[in-house]
Amino acid sequence: MIMKKFYILVFIFSAFSFSAQNQTPVAVPDSATGMAYTPISVDALSNDFDPNGEPIEIWEVQTISSITSATFEGNIITYTSNAITLGPDSILYRIRQVNNPNNYSDWTPVYFDITQNPDLPVANDDFASTKGGISVSVRILNNDIIPDSLELSVALGYFPGPSKGKATYSDSVIIYTPYMSSFGIDSFSYVLKNMDIFPFFFAKGTLYIDIENNYSYDSLMINNINAGIHSDGLLFDRFDGIENVVGEDHACHFEVPKGSGKHTIFSNSIWIGGLNNGNDLHLAGERYSQNGKDYQPGPVSNNYDSAYFSNWNGLWTLYKEEIEYHKNNWWKAGYEPIRNIEEWPGNGNPVYGQAEQLAPYYDHDNNDIYDPMQGDYPLIRGDQCIFFIYNDDRIHTETDGEALIIEKHGMAYAFDAPDDSILNNTIFVHYDLINRSDITYHNTYFGIFTDFDLGYSWDDRVGSHVINSSFYCYNGNETDGNGEPWAYGVDPPAQSVTVLAGPYMDPDEEDNPDGGCDYSINGLNFGNEIVDDERYGLTRFTFFYNSGGPQGDPLIADDYYNYIS
């Protein structure tokens with residue numbers, strides 16, 4: 001018996017209707033050209049269509065920029081830019097079926113090319129140059145084109161504003177002041193506006209400022225510490241503020257370990273105060289340079305104009321190997337010294353009342369004039385140093401104290417000694433304090449202000465170690481902070497400030513003995529068989545709260561003096 005497979009195909013048909021889809025209208029992009037602040041009309045529907053042959057209409061129009069306007073009536077879209085819009089711009093619109101408003105197109109652009117309106121002013125870009133911290137004035141209207149029929153004023157536009165300084169405007173002049181340590185190009189916009197139609201803008205220009213580096217801020221970073229130094233004596237505090245402008249940001253800059261983002265000190269500076277023959281207090285001191293200043297960079301002078309500031313608002317950073325290279329090559333043909341050797345401030349200008357001898361140097365030809373091309377070279381400490389000069393011969397806006405006319409020569413330095421755990425985690429600061437006034441001050445005190453921020457600052461404690469001539473900060477808990485990236489976490493470090501050799505004691509024609517319960521306990525040069533070379537160590541230690549009250553922030557010179565005396 002032969003088996004066969006049978007396939008049975010069954011077709012079942014059912015009656016139904018199959019309608020054509022109602023397709024959406026199609027809006028085609030348009031383009032037009034016109035002048036700024038002049039209506040431009042476009043017949044948007046002239047090239048739009050509906051695949052179904054249905055009548056269409058403009059449904060809505062949307063501007064992309066908030067400074068332009070667009071309306072429609074019938075088939076016509078009318079676009080108007082404001083006066084400062086030039087070049088390409090666009091808007092969006094949608095169309096729909098008249099008889100079926102729920103059937104509409106996608107958003108479709110209309111492109112415009114906007115040209116200058118000859119009846120409107122033109123603000124041409126301006127250019128200026130300056131140095132960090134030095135203001136520059138620019139008469140921005142001098143190169144602008146302004147029709148006689150228009151009465152205009154100027155407003156500073158911020159699209160965005162300056163990033164490296166501050167700008168103000170007065171009497172058609174923009175005054176721009178870069179931050180002290182700024183350099184490079186900064187720019188910001190200004191606008192010309194109509195006096196009677198505020199805030200209508202007629203034209204926009206840009207001011208470009210080329211800021212020359214004045215080297216007023218630098219870092220010691222040859223060892224395990226990255227420590228910031230300012231030219232006016234403010235240490236370990238990254239502050240880019242401008243004088244008389246409060247509220248500028250500060251940042252710690254005593255980073256340990258270097259590169260970790262963790263810091264132990266927020267700010268450090270020198271306070272000094274003494275009494276004149278009439279027992280009037282003269283005092284200079286700063287905490288953060290935030291609410292005023294008592295110090296300024298440079299030596300004491302009889303002229304503190306912008307040229308002085310341009311010359312002296314700086315630091316001189318040098319490495320030991322750079323000095324050695326200069327010593328071994330200065331006489332060779334084609335040799336050119338690096339900036340900080342060439343411009344080392346060995347001499348002041350007596351014409352301006354400055355001391356003839358300033359920064360220390362080796363005088364190869366013994367002529368009392370620093371000249372690196374005659375074999376002279378800077379005398380530095382450590383393997384890296386930063387030298388700075390500053391004085392208090394100015395109005396004291398931090399303490400309101402009377403100036404002492406004191407000049408300070410500072411040299412911060414460190415050693416490249418990775419195998420020495422002490423030197424690798426220590427920086428040194430040497431000061432020469434020179435009284436340039438005609439007054440001999442008595443009851444004079446010298447203080448070291450330090451605002452510790454040991455990682456997370458809210459659990460810090462402070463203390464002093466008399467024998468070691470030190471004061472210090474340590475963490476109040478075994479763990480610093482609560483997991484913040486700037487906190488040290490488990491086993492936080494301690495930070496010490498040690499007075500290795502303080503000011504010289506007043507002469508008494510004696511070699512004061514060592515070993516007593518007096519200043520010799522931590523001072524220097526006691527009992528060394530040399531008369532009158534004794535120096536103070538740490539003689540006092542106190543702290544105050546960052547608040548008001550009897551043990552709060554000092555407000556006036558008497559408060560500062562009470563803390564250091």
# chains A, B, ... in the order shown; residues from 1 in each chain; ligands from 1

$ residues_around --residues "Trp330 of chain A" --least-positions-apart "6" --cutoff "9 Å" --atoms "only C-alpha atoms" --output "ChimeraX atom specification"
/A:336-337,372-376

$ residues_around --residues "Thr440 of chain A" --least-positions-apart "2" --cutoff "9 Å" --atoms "only C-alpha atoms" --output "list in words"
Leu275, Asn276, Asn277, Asn435, Ser437, Asp438 and His442 of chain A

$ write_last_selection --atoms "C-alpha atoms" --output "mmCIF file, in the first residue's frame"
data_model
loop_
_atom_site.group_PDB
_atom_site.id
_atom_site.type_symbol
_atom_site.label_atom_id
_atom_site.label_comp_id
_atom_site.auth_asym_id
_atom_site.auth_seq_id
_atom_site.Cartn_x
_atom_site.Cartn_y
_atom_site.Cartn_z
ATOM 1 C CA LEU A 275 55.267 103.037 70.182
ATOM 2 C CA ASN A 276 56.911 106.296 69.134
ATOM 3 C CA ASN A 277 58.424 108.851 71.485
ATOM 4 C CA ASN A 435 63.105 100.567 59.876
ATOM 5 C CA SER A 437 61.552 105.892 59.307
ATOM 6 C CA ASP A 438 63.222 108.526 61.493
ATOM 7 C CA HIS A 442 59.935 101.126 71.773
#

$ residues_around --residues "segment 291-300 of chain A" --least-positions-apart "2" --cutoff "9 Å" --atoms "only C-alpha atoms" --output "ChimeraX atom specification"
/A:216,230-233,243-247,283-286,288-289,302-304,308-309,311-314,348,353-355,358,388-401,403,405-409,436

$ closest_residue --among "A:Tyr352, A:Ser421, A:Asn347, A:Ala36" --to "Asn223 of chain A" --atoms "only C-alpha atoms"
A:Ser421

$ select_by_dssp --residues "segment 99-321 of chain A" --states "strand (DSSP E)" --output "count of residues only"
95

$ closest_residue --among "A:Gly74, A:Ile209, A:Gly161, A:Ser90" --to "Asp125 of chain A" --atoms "only C-alpha atoms"
A:Ile209

$ residues_around --residues "Arg287 of chain A" --least-positions-apart "4" --cutoff "8 Å" --atoms "only C-alpha atoms" --output "PyMOL selection string"
chain A and resi 267-269+449

$ atom_distance --atom1 "atom CA of Asp532 of chain A" --atom2 "atom CA of Asn468 of chain A"
22.3 Å

$ select_by_dssp --residues "segment 235-313 of chain A" --states "alpha helix (DSSP H)" --output "ChimeraX atom specification"
/A:306-312

$ closest_residue --among "A:Asp113, A:Asp365, A:Glu57, A:Glu73" --to "Thr33 of chain A" --atoms "only C-alpha atoms"
A:Asp113

$ residues_around --residues "Gly132 of chain A" --least-positions-apart "5" --cutoff "7 Å" --atoms "only C-alpha atoms" --output "short mmCIF file (atom, residue, chain, number, x, y, z; two decimals) with N, CA and C atoms, in the first residue's frame"
data_model
loop_
_atom_site.label_atom_id
_atom_site.label_comp_id
_atom_site.auth_asym_id
_atom_site.auth_seq_id
_atom_site.Cartn_x
_atom_site.Cartn_y
_atom_site.Cartn_z
N PRO A 178 42.96 94.03 36.47
CA PRO A 178 43.16 92.57 36.57
C PRO A 178 43.51 92.17 37.99
N TYR A 179 43.23 90.92 38.33
CA TYR A 179 43.68 90.40 39.61
C TYR A 179 45.20 90.45 39.68
N MET A 180 45.71 90.47 40.90
CA MET A 180 47.15 90.67 41.11
C MET A 180 47.99 89.68 40.32
N SER A 181 47.60 88.42 40.31
CA SER A 181 48.44 87.40 39.69
C SER A 181 47.91 86.94 38.33
N SER A 182 47.00 87.72 37.75
CA SER A 182 46.44 87.35 36.44
C SER A 182 47.44 87.62 35.32
N PHE A 183 47.35 86.84 34.27
CA PHE A 183 48.09 87.10 33.05
C PHE A 183 47.39 86.38 31.91
N ILE A 211 47.16 90.85 29.42
CA ILE A 211 47.72 91.07 30.76
C ILE A 211 49.11 90.44 30.82
N GLU A 212 50.09 91.28 31.05
CA GLU A 212 51.46 90.80 31.18
C GLU A 212 51.66 90.20 32.58
N ASN A 213 52.33 89.09 32.63
CA ASN A 213 52.60 88.43 33.91
C ASN A 213 53.55 89.29 34.74
N ASN A 214 53.13 89.66 35.94
CA ASN A 214 54.03 90.41 36.82
C ASN A 214 54.73 89.51 37.83
#

$ closest_residue --among "A:Asp280, A:Asp508, A:Asp148, A:Glu342" --to "Asp558 of chain A" --atoms "only C-alpha atoms"
A:Asp280

$ closest_residue --among "A:Met411, A:Leu423, A:Ile272, A:Leu538" --to "Tyr561 of chain A" --atoms "only C-alpha atoms"
A:Ile272

$ residues_around --residues "segment 92-104 of chain A" --least-positions-apart "3" --cutoff "8 Å" --atoms "only C-alpha atoms" --output "list in words"
Thr24, Pro25, Val26, Ala27, Asp50, Glu54, Pro55, Ile56, Glu57, Ile58, Trp59, Glu60, Val61, Gln62, Thr63, Ile64, Trp107, Thr108, Pro109 and Val110 of chain A

$ atom_distance --atom1 "atom CA of Ile175 of chain A" --atom2 "atom CA of Pro162 of chain A"
11.8 Å

$ closest_residue --among "A:Ile174, A:Phe72, A:His253, A:Ala227" --to "Phe239 of chain A" --atoms "only C-alpha atoms"
A:His253
